[in-house]
Amino acid sequence: VVAAENQSDVSPWRFAVRAGEKYVAGQVIDHHGFYVNQLRAAHRVFATGQSDVAPEEAVATVKAIALATESRERGGVWMDA
């Protein structure tokens with residue numbers, strides 16, 4: 001991928017997550033700000049020992065990443081949680 005100065009304007013990150021019985025969608029336009037906020041949140045955890053994310057949510061996120069990695073390694077097959 002070759003970055004361009006207007007990349008964020010023409011290529012936002014789109015996402016959707018299921019919350020209960022509905023999907024919630026959004027997009028990240030400010031890629032730089034997204035990572036800055038992630039680093040600030042990580043710093044808060046290390047500085048205070050308190051996280052904005054419940055332990056169960058953190059475990060579910062790691063599980064989703066592991067399943068996505070396994071799916072990719074197996075040629076894109078669907079992985080049940």
# chains A, B, ... in the order shown; residues from 1 in each chain; ligands from 1

$ residues_around --residues "Ile29 of chain A" --least-positions-apart "6" --cutoff "12 Å" --atoms "only C-alpha atoms" --output "mmCIF file with N, CA and C atoms, in the first residue's frame"
data_model
loop_
_atom_site.group_PDB
_atom_site.id
_atom_site.type_symbol
_atom_site.label_atom_id
_atom_site.label_comp_id
_atom_site.auth_asym_id
_atom_site.auth_seq_id
_atom_site.Cartn_x
_atom_site.Cartn_y
_atom_site.Cartn_z
ATOM 1 N N ASN A 6 -3.955 12.410 0.766
ATOM 2 C CA ASN A 6 -5.410 12.452 0.910
ATOM 3 C C ASN A 6 -6.020 11.067 1.114
ATOM 4 N N GLN A 7 -5.208 10.116 1.501
ATOM 5 C CA GLN A 7 -5.666 8.732 1.658
ATOM 6 C C GLN A 7 -6.848 8.624 2.621
ATOM 7 N N SER A 8 -6.806 9.329 3.738
ATOM 8 C CA SER A 8 -7.893 9.263 4.712
ATOM 9 C C SER A 8 -9.201 9.791 4.145
ATOM 10 N N ASP A 9 -9.117 10.769 3.247
ATOM 11 C CA ASP A 9 -10.325 11.345 2.663
ATOM 12 C C ASP A 9 -11.027 10.384 1.713
ATOM 13 N N VAL A 10 -10.250 9.633 0.962
ATOM 14 C CA VAL A 10 -10.853 8.784 -0.070
ATOM 15 C C VAL A 10 -10.964 7.323 0.335
ATOM 16 N N SER A 11 -10.334 6.956 1.437
ATOM 17 C CA SER A 11 -10.342 5.555 1.840
ATOM 18 C C SER A 11 -10.550 5.413 3.348
ATOM 19 N N PRO A 12 -11.737 5.797 3.844
ATOM 20 C CA PRO A 12 -11.976 5.641 5.281
ATOM 21 C C PRO A 12 -12.111 4.162 5.637
ATOM 22 N N TRP A 13 -11.861 3.849 6.897
ATOM 23 C CA TRP A 13 -12.038 2.483 7.379
ATOM 24 C C TRP A 13 -13.489 2.324 7.793
ATOM 25 N N ARG A 14 -14.186 1.431 7.143
ATOM 26 C CA ARG A 14 -15.588 1.190 7.486
ATOM 27 C C ARG A 14 -15.668 -0.056 8.360
ATOM 28 N N PHE A 15 -16.600 -0.031 9.303
ATOM 29 C CA PHE A 15 -16.761 -1.183 10.182
ATOM 30 C C PHE A 15 -18.212 -1.307 10.590
ATOM 31 N N TYR A 35 -5.082 6.146 15.936
ATOM 32 C CA TYR A 35 -3.946 5.525 16.627
ATOM 33 C C TYR A 35 -3.494 6.335 17.833
#

$ closest_residue --among "A:Val62, A:Ala3, A:Leu67, A:Val45" --to "Asp80 of chain A" --atoms "only C-alpha atoms"
A:Leu67

$ select_by_dssp --residues "chain A" --states "helix (DSSP H, G or I)" --output "ChimeraX atom specification"
/A:7-10,31-48,55-73

$ atom_distance --atom1 "atom CA of Glu56 of chain A" --atom2 "atom CA of Gly75 of chain A"
28.5 Å

$ select_by_dssp --residues "chain A" --states "strand (DSSP E)" --output "ChimeraX atom specification"
/A:13-19,22-28
